Amino acid sequence: MGSWNRTANMVETIFDLPVEKQIFYAVLGFSWTVYLWEAYLSYRQRRIYRSTTHVPQELGKIMDSETFEKSRLYQLDKSNFSFWSGLYSETEGTLILLLGGIPFLWAVAGSVTTRFGFGPEYEITQSLVFLTLATLFSALTGLPWSLYNIFVIEEKHGFNQQTLGFFLKDAVKKFAVTQCILLPVTSLLLYIIKIGGDYFFIYAWLFTLAVSLVLVTIYADYIAPLFDKFTPLPEGELKTDIETMAKSISFPLTKVYVVEGSKRSSHSNAYFYGFFKNKRIVLFDTLLEDYSPLNKSGEPQPEQPESDETSAEVKVKPKNKKQGCNNPEILAVLGHELGHWKLGHTVKNIVISQMNSFLCFSLFAVLIGRKELFVAFGFNDSQPTLIGLMIIFQFIFSPYNELLSFCLTVLSRRFEFQADAFARNMGKASELYSALIKLNKDNLGFPVADWLFSMWHYSHPPLLERLRALGNVKQD
């Protein structure tokens, strides 16, 4: 009874606080609630990793004990890393809020702009300086975690293909490209909000829609090649079969590229992009059994000159087994990906995203004038638009964002089953079955999952569920 009274008194005390304090502690409390929920889910999954040390009977035909143990240890290491990095991130965020880190950084940005002759009336300029400092801080604090993840965990389990020099150069390049996109887009968005009048939220939404469509269109042609080498898939049986399959479902394919993913990692992937009649398919070289450099690393290689950038910055490790899929399996994987297009999943995701964006901007228009939101986070004398965007979209909308994220995860799993069924109906069930097993082995995916963890986190169904849905078409 005593503990219940103490809890009731504490709740009553919180509601006696000024509204801005209630907002602040509600945001902080919800953030820690989400973190503890995520930590609990991860704990459940770690118990699976620790206790499931032998291949379950139903997996005996698709996974050998050596691969099973490798995947178990890999996922356990990743889960432990995620726990500590998540705890650090949550603690850092809490300290930033409690110690007034956001208004402090805004004041620093103001001091910088003042030195260059820009007064408080140049809010957009100050906002850009603030954004640069904030992203720089985030990059620097996240750097040790990225280094550990790549050069300890990924290295230990045989996935990392980068050297330290390549990683650091890549990080600098990513930061520079991000700023080149982020700063102009943010300045235009802030300008639109300021001059847009009563209907600014409509103009802001239309602007972000246009930006997202442009970025999707130009990413693979102009941005991704800054980081990875893209080459057309050579003429041959695979390219001919891909073009034939695309034509059979009226997919307007224009080009097929192979991206040199092996210089970073031995993980594999494939995707398509483009709008209207200009679709392209991108295959990671690590996905292609006949093209992956990792399959050739054990063979004698011609000597390369010391000045060659690839040999200087990328290390290729010998592998004892073949990486990737054969041509029929690649076609099955692409049949799955093209199923997403044919079934309208891509369009549906864009529509959902834009409906959500419009809703958020509409609510932002209602809330931006509430001074108590700014006071809650230390802005007593000013209400900068960029800070308002950060407070409302990141903090106030956080419960809604969590719910939306879960709903989209559920929808994504449904789409994945539908895309698998599409590939099966194309007569590629057997090939997709074996491809999923190979990709799971290549990426050391652990096929046993806690039901609650997978329900909350998995955007793709667990391997066994996908194989069961495809049917027992291949049992070797």
# chains A, B, ... in the order shown; residues from 1 in each chain; ligands from 1
$ closest_atom_pairs --of "range 61-136 of chain A" --to "range 26-39 of chain A" --cutoff "8 Å" --atoms "only C-alpha atoms" --output "CSV"
residue,atom,partner,partner_atom,distance
A:Phe83,CA,A:Ala39,CA,6.9
A:Gly86,CA,A:Tyr35,CA,7.8
A:Glu90,CA,A:Tyr35,CA,7.3
A:Thr94,CA,A:Leu28,CA,7.1
$ residues_around --residues "range 120-131 of chain A" --least-positions-apart "2" --cutoff "9 Å" --atoms "only C-alpha atoms" --output "short mmCIF file (atom, residue, chain, number, x, y, z; two decimals) with C-alpha atoms, in the first residue's frame"
data_model
loop_
_atom_site.label_atom_id
_atom_site.label_comp_id
_atom_site.auth_asym_id
_atom_site.auth_seq_id
_atom_site.Cartn_x
_atom_site.Cartn_y
_atom_site.Cartn_z
CA LEU A 105 24.56 24.47 -29.64
CA TRP A 106 22.07 27.01 -31.02
CA ALA A 107 23.89 29.75 -29.07
CA VAL A 108 27.24 28.55 -30.43
CA ALA A 109 25.81 28.69 -33.96
CA GLY A 110 24.63 32.23 -33.22
CA SER A 111 28.12 33.22 -32.05
CA VAL A 112 29.62 31.84 -35.26
CA THR A 113 27.19 33.70 -37.53
CA THR A 114 27.67 36.93 -35.51
CA PHE A 118 25.05 37.98 -39.49
CA LEU A 133 27.60 21.40 -35.92
CA ALA A 134 24.91 18.90 -34.87
CA THR A 135 25.69 16.46 -37.70
CA LEU A 136 29.42 16.84 -37.05
CA LEU A 182 21.14 18.63 -46.46
CA LEU A 183 22.04 22.31 -46.19
CA PRO A 184 20.43 23.61 -49.42
CA THR A 186 16.95 22.65 -45.28
CA SER A 187 17.45 26.32 -46.16
CA LEU A 190 12.82 26.89 -43.80
CA TYR A 191 12.32 29.68 -46.32
CA PRO A 384 13.52 29.06 -34.29
CA THR A 385 11.72 27.16 -37.04
CA LEU A 386 14.44 24.49 -37.33
CA ILE A 387 14.25 23.84 -33.57
#
$ residues_around --residues "range 197-213 of chain A" --least-positions-apart "6" --cutoff "10 Å" --atoms "only C-alpha atoms" --output "count of residues only"
24
$ residues_around --residues "range 41-53 of chain A" --least-positions-apart "4" --cutoff "9 Å" --atoms "only C-alpha atoms" --output "ChimeraX atom specification"
/A:36-37,68-69,72-73,75-76,79-80,82-83,446,448-454,456
$ closest_residue --among "A:Lys438, A:Asp170, A:Gly445, A:Val333" --to "Lys263 in chain A" --atoms "only C-alpha atoms"
A:Asp170
$ select_by_dssp --residues "range 163-371 of chain A" --states "strand (DSSP E or B)" --output "list in words"
Phe230, Thr231, Pro232, Leu253, Thr254, Lys255, Val256, Tyr257, Val258, Val259, Ser265, Ala270, Tyr271, Phe272, Tyr273, Lys279, Arg280, Ile281, Val282, Leu283, Phe284, Leu288, Val314 and Cys325 of chain A
$ atom_distance --atom1 "CA of Leu95 in chain A" --atom2 "CA of Gly378 in chain A"
13.6 Å
$ residues_around --residues "range 416-424 of chain A" --least-positions-apart "6" --cutoff "6 Å" --atoms "only C-alpha atoms" --output "count of residues only"
4
$ residues_around --residues "Ala139 in chain A" --least-positions-apart "5" --cutoff "10 Å" --atoms "only C-alpha atoms" --output "ChimeraX atom specification"
/A:133-134,144,146,171-172,175
$ write_last_selection --atoms "all heavy atoms" --output "short mmCIF file (atom, residue, chain, number, x, y, z; two decimals), in the first residue's frame"
data_model
loop_
_atom_site.label_atom_id
_atom_site.label_comp_id
_atom_site.auth_asym_id
_atom_site.auth_seq_id
_atom_site.Cartn_x
_atom_site.Cartn_y
_atom_site.Cartn_z
N LEU A 133 26.97 21.77 -37.19
CA LEU A 133 27.60 21.40 -35.92
C LEU A 133 26.96 20.15 -35.33
O LEU A 133 27.65 19.27 -34.79
CB LEU A 133 27.49 22.57 -34.93
CG LEU A 133 28.28 23.84 -35.28
CD1 LEU A 133 27.96 24.95 -34.28
CD2 LEU A 133 29.77 23.56 -35.31
N ALA A 134 25.62 20.05 -35.43
CA ALA A 134 24.91 18.90 -34.87
C ALA A 134 25.28 17.61 -35.61
O ALA A 134 25.53 16.57 -34.98
CB ALA A 134 23.40 19.12 -34.93
N PRO A 144 33.56 5.97 -33.10
CA PRO A 144 34.14 4.81 -32.39
C PRO A 144 33.25 3.57 -32.49
O PRO A 144 33.76 2.45 -32.62
CB PRO A 144 34.26 5.29 -30.94
CG PRO A 144 34.29 6.78 -31.03
CD PRO A 144 33.41 7.13 -32.18
N SER A 146 31.15 2.85 -34.97
CA SER A 146 31.26 2.32 -36.33
C SER A 146 32.56 1.56 -36.52
O SER A 146 32.59 0.49 -37.15
CB SER A 146 31.17 3.47 -37.35
OG SER A 146 29.92 4.11 -37.30
N ALA A 171 34.14 7.89 -44.87
CA ALA A 171 33.35 8.62 -43.88
C ALA A 171 33.37 10.12 -44.15
O ALA A 171 32.34 10.80 -44.06
CB ALA A 171 33.88 8.33 -42.47
N VAL A 172 34.55 10.64 -44.50
CA VAL A 172 34.68 12.07 -44.82
C VAL A 172 33.85 12.39 -46.06
O VAL A 172 33.14 13.41 -46.11
CB VAL A 172 36.16 12.45 -45.03
CG1 VAL A 172 36.28 13.87 -45.57
CG2 VAL A 172 36.93 12.31 -43.72
N PHE A 175 30.16 12.44 -45.23
CA PHE A 175 29.78 13.65 -44.50
C PHE A 175 29.67 14.84 -45.45
O PHE A 175 28.71 15.62 -45.37
CB PHE A 175 30.82 13.94 -43.41
CG PHE A 175 30.49 15.15 -42.57
CD1 PHE A 175 29.60 15.05 -41.52
CD2 PHE A 175 31.06 16.38 -42.85
CE1 PHE A 175 29.28 16.16 -40.74
CE2 PHE A 175 30.76 17.50 -42.09
CZ PHE A 175 29.86 17.39 -41.04
#
$ residues_around --residues "Thr240 in chain A" --least-positions-apart "3" --cutoff "12 Å" --atoms "only C-alpha atoms" --output "ChimeraX atom specification"
/A:233-237,243-247,253,255-256,327,331
$ write_last_selection --atoms "C-alpha atoms" --output "PDB file, in the first residue's frame"
ATOM      1  CA  LEU A 233      26.359  -6.423 -66.539  1.00  0.00           C
ATOM      2  CA  PRO A 234      28.336  -8.018 -69.399  1.00  0.00           C
ATOM      3  CA  GLU A 235      26.483  -9.488 -72.343  1.00  0.00           C
ATOM      4  CA  GLY A 236      25.721 -13.156 -71.822  1.00  0.00           C
ATOM      5  CA  GLU A 237      23.163 -15.687 -70.699  1.00  0.00           C
ATOM      6  CA  GLU A 243      15.824  -8.941 -69.967  1.00  0.00           C
ATOM      7  CA  THR A 244      13.515 -11.765 -71.075  1.00  0.00           C
ATOM      8  CA  MET A 245      12.002 -12.074 -67.584  1.00  0.00           C
ATOM      9  CA  ALA A 246      11.518  -8.291 -67.319  1.00  0.00           C
ATOM     10  CA  LYS A 247       9.820  -8.222 -70.705  1.00  0.00           C
ATOM     11  CA  LEU A 253      14.087  -2.320 -67.889  1.00  0.00           C
ATOM     12  CA  LYS A 255      19.998  -1.153 -67.815  1.00  0.00           C
ATOM     13  CA  VAL A 256      21.442  -3.806 -65.507  1.00  0.00           C
ATOM     14  CA  ASN A 327      22.128 -17.761 -62.557  1.00  0.00           C
ATOM     15  CA  LEU A 331      16.651 -14.864 -61.642  1.00  0.00           C
TER      16      LEU A 331
END
$ decode --residues "range 24-39 of chain A" --atoms "all heavy atoms" --output "mmCIF file, in the first residue's frame"
data_model
loop_
_atom_site.group_PDB
_atom_site.id
_atom_site.type_symbol
_atom_site.label_atom_id
_atom_site.label_comp_id
_atom_site.auth_asym_id
_atom_site.auth_seq_id
_atom_site.Cartn_x
_atom_site.Cartn_y
_atom_site.Cartn_z
ATOM 1 N N PHE A 24 8.528 18.110 -21.111
ATOM 2 C CA PHE A 24 9.922 17.662 -21.095
ATOM 3 C C PHE A 24 10.046 16.271 -20.488
ATOM 4 O O PHE A 24 10.673 15.373 -21.080
ATOM 5 C CB PHE A 24 10.774 18.663 -20.306
ATOM 6 C CG PHE A 24 12.226 18.286 -20.221
ATOM 7 C CD1 PHE A 24 13.094 18.582 -21.254
ATOM 8 C CD2 PHE A 24 12.724 17.628 -19.102
ATOM 9 C CE1 PHE A 24 14.433 18.230 -21.181
ATOM 10 C CE2 PHE A 24 14.062 17.275 -19.013
ATOM 11 C CZ PHE A 24 14.916 17.583 -20.059
ATOM 12 N N TYR A 25 9.436 16.064 -19.314
ATOM 13 C CA TYR A 25 9.562 14.779 -18.638
ATOM 14 C C TYR A 25 8.767 13.683 -19.358
ATOM 15 O O TYR A 25 9.147 12.499 -19.302
ATOM 16 C CB TYR A 25 9.127 14.890 -17.181
ATOM 17 C CG TYR A 25 10.116 15.674 -16.342
ATOM 18 C CD1 TYR A 25 9.728 16.822 -15.655
ATOM 19 C CD2 TYR A 25 11.443 15.264 -16.247
ATOM 20 C CE1 TYR A 25 10.645 17.548 -14.895
ATOM 21 C CE2 TYR A 25 12.358 15.987 -15.494
ATOM 22 C CZ TYR A 25 11.961 17.121 -14.826
ATOM 23 O OH TYR A 25 12.868 17.842 -14.080
ATOM 24 N N ALA A 26 7.693 14.064 -20.043
ATOM 25 C CA ALA A 26 6.946 13.079 -20.830
ATOM 26 C C ALA A 26 7.794 12.578 -21.993
ATOM 27 O O ALA A 26 7.825 11.372 -22.277
ATOM 28 C CB ALA A 26 5.646 13.692 -21.344
ATOM 29 N N VAL A 27 8.484 13.495 -22.662
ATOM 30 C CA VAL A 27 9.362 13.113 -23.777
ATOM 31 C C VAL A 27 10.484 12.214 -23.275
ATOM 32 O O VAL A 27 10.790 11.167 -23.867
ATOM 33 C CB VAL A 27 9.935 14.369 -24.464
ATOM 34 C CG1 VAL A 27 11.106 14.007 -25.386
ATOM 35 C CG2 VAL A 27 8.847 15.088 -25.244
ATOM 36 N N LEU A 28 11.101 12.618 -22.170
ATOM 37 C CA LEU A 28 12.203 11.841 -21.604
ATOM 38 C C LEU A 28 11.717 10.461 -21.143
ATOM 39 O O LEU A 28 12.370 9.433 -21.400
ATOM 40 C CB LEU A 28 12.808 12.602 -20.424
ATOM 41 C CG LEU A 28 14.292 12.382 -20.115
ATOM 42 C CD1 LEU A 28 15.151 12.654 -21.341
ATOM 43 C CD2 LEU A 28 14.724 13.275 -18.956
ATOM 44 N N GLY A 29 10.571 10.445 -20.485
ATOM 45 C CA GLY A 29 10.020 9.181 -19.995
ATOM 46 C C GLY A 29 9.667 8.232 -21.127
ATOM 47 O O GLY A 29 9.941 7.032 -21.049
ATOM 48 N N PHE A 30 9.061 8.770 -22.195
ATOM 49 C CA PHE A 30 8.699 7.905 -23.320
ATOM 50 C C PHE A 30 9.944 7.360 -24.007
ATOM 51 O O PHE A 30 9.971 6.192 -24.431
ATOM 52 C CB PHE A 30 7.835 8.659 -24.322
ATOM 53 C CG PHE A 30 7.357 7.791 -25.451
ATOM 54 C CD1 PHE A 30 6.299 6.927 -25.274
ATOM 55 C CD2 PHE A 30 7.994 7.818 -26.687
ATOM 56 C CE1 PHE A 30 5.869 6.091 -26.307
ATOM 57 C CE2 PHE A 30 7.573 6.999 -27.721
ATOM 58 C CZ PHE A 30 6.502 6.137 -27.528
ATOM 59 N N SER A 31 10.969 8.190 -24.125
ATOM 60 C CA SER A 31 12.215 7.757 -24.758
ATOM 61 C C SER A 31 12.820 6.569 -24.017
ATOM 62 O O SER A 31 13.237 5.572 -24.629
ATOM 63 C CB SER A 31 13.213 8.915 -24.804
ATOM 64 O OG SER A 31 14.431 8.513 -25.388
ATOM 65 N N TRP A 32 12.852 6.652 -22.699
ATOM 66 C CA TRP A 32 13.404 5.552 -21.901
ATOM 67 C C TRP A 32 12.477 4.333 -21.903
ATOM 68 O O TRP A 32 12.942 3.191 -21.838
ATOM 69 C CB TRP A 32 13.690 6.009 -20.472
ATOM 70 C CG TRP A 32 15.047 6.649 -20.372
ATOM 71 C CD1 TRP A 32 15.321 7.981 -20.415
ATOM 72 C CD2 TRP A 32 16.294 5.974 -20.260
ATOM 73 N NE1 TRP A 32 16.679 8.185 -20.328
ATOM 74 C CE2 TRP A 32 17.304 6.966 -20.229
ATOM 75 C CE3 TRP A 32 16.665 4.645 -20.176
ATOM 76 C CZ2 TRP A 32 18.651 6.661 -20.118
ATOM 77 C CZ3 TRP A 32 18.025 4.322 -20.067
ATOM 78 C CH2 TRP A 32 18.993 5.320 -20.041
ATOM 79 N N THR A 33 11.175 4.565 -21.990
ATOM 80 C CA THR A 33 10.234 3.445 -22.093
ATOM 81 C C THR A 33 10.493 2.647 -23.365
ATOM 82 O O THR A 33 10.524 1.405 -23.348
ATOM 83 C CB THR A 33 8.781 3.959 -22.086
ATOM 84 O OG1 THR A 33 8.532 4.659 -20.863
ATOM 85 C CG2 THR A 33 7.788 2.805 -22.225
ATOM 86 N N VAL A 34 10.679 3.358 -24.481
ATOM 87 C CA VAL A 34 10.978 2.693 -25.752
ATOM 88 C C VAL A 34 12.304 1.950 -25.657
ATOM 89 O O VAL A 34 12.420 0.794 -26.106
ATOM 90 C CB VAL A 34 11.011 3.714 -26.914
ATOM 91 C CG1 VAL A 34 11.555 3.070 -28.188
ATOM 92 C CG2 VAL A 34 9.627 4.283 -27.158
ATOM 93 N N TYR A 35 13.306 2.597 -25.059
ATOM 94 C CA TYR A 35 14.613 1.946 -24.929
ATOM 95 C C TYR A 35 14.511 0.661 -24.109
ATOM 96 O O TYR A 35 15.061 -0.382 -24.487
ATOM 97 C CB TYR A 35 15.624 2.888 -24.282
ATOM 98 C CG TYR A 35 16.888 2.165 -23.876
ATOM 99 C CD1 TYR A 35 17.833 1.790 -24.827
ATOM 100 C CD2 TYR A 35 17.102 1.799 -22.540
ATOM 101 C CE1 TYR A 35 18.965 1.079 -24.466
ATOM 102 C CE2 TYR A 35 18.231 1.090 -22.176
ATOM 103 C CZ TYR A 35 19.162 0.731 -23.142
ATOM 104 O OH TYR A 35 20.280 0.021 -22.791
ATOM 105 N N LEU A 36 13.806 0.717 -22.965
ATOM 106 C CA LEU A 36 13.672 -0.463 -22.113
ATOM 107 C C LEU A 36 12.892 -1.569 -22.811
ATOM 108 O O LEU A 36 13.199 -2.761 -22.652
ATOM 109 C CB LEU A 36 12.996 -0.078 -20.790
ATOM 110 C CG LEU A 36 13.831 0.833 -19.879
ATOM 111 C CD1 LEU A 36 13.005 1.283 -18.677
ATOM 112 C CD2 LEU A 36 15.100 0.119 -19.418
ATOM 113 N N TRP A 37 11.883 -1.198 -23.601
ATOM 114 C CA TRP A 37 11.127 -2.180 -24.372
ATOM 115 C C TRP A 37 12.039 -2.856 -25.398
ATOM 116 O O TRP A 37 12.036 -4.081 -25.531
ATOM 117 C CB TRP A 37 9.948 -1.492 -25.043
ATOM 118 C CG TRP A 37 9.243 -2.285 -26.108
ATOM 119 C CD1 TRP A 37 9.197 -2.012 -27.443
ATOM 120 C CD2 TRP A 37 8.466 -3.475 -25.921
ATOM 121 N NE1 TRP A 37 8.445 -2.954 -28.105
ATOM 122 C CE2 TRP A 37 7.994 -3.868 -27.198
ATOM 123 C CE3 TRP A 37 8.137 -4.251 -24.805
ATOM 124 C CZ2 TRP A 37 7.207 -5.002 -27.378
ATOM 125 C CZ3 TRP A 37 7.355 -5.386 -25.000
ATOM 126 C CH2 TRP A 37 6.902 -5.743 -26.266
ATOM 127 N N GLU A 38 12.836 -2.044 -26.102
ATOM 128 C CA GLU A 38 13.766 -2.595 -27.084
ATOM 129 C C GLU A 38 14.812 -3.478 -26.405
ATOM 130 O O GLU A 38 15.196 -4.538 -26.933
ATOM 131 C CB GLU A 38 14.461 -1.460 -27.849
ATOM 132 C CG GLU A 38 13.540 -0.601 -28.699
ATOM 133 C CD GLU A 38 13.162 -1.256 -30.006
ATOM 134 O OE1 GLU A 38 13.629 -2.378 -30.262
ATOM 135 O OE2 GLU A 38 12.403 -0.640 -30.776
ATOM 136 N N ALA A 39 15.291 -3.043 -25.245
ATOM 137 C CA ALA A 39 16.283 -3.830 -24.511
ATOM 138 C C ALA A 39 15.688 -5.166 -24.057
ATOM 139 O O ALA A 39 16.372 -6.204 -24.091
ATOM 140 C CB ALA A 39 16.789 -3.045 -23.305
#
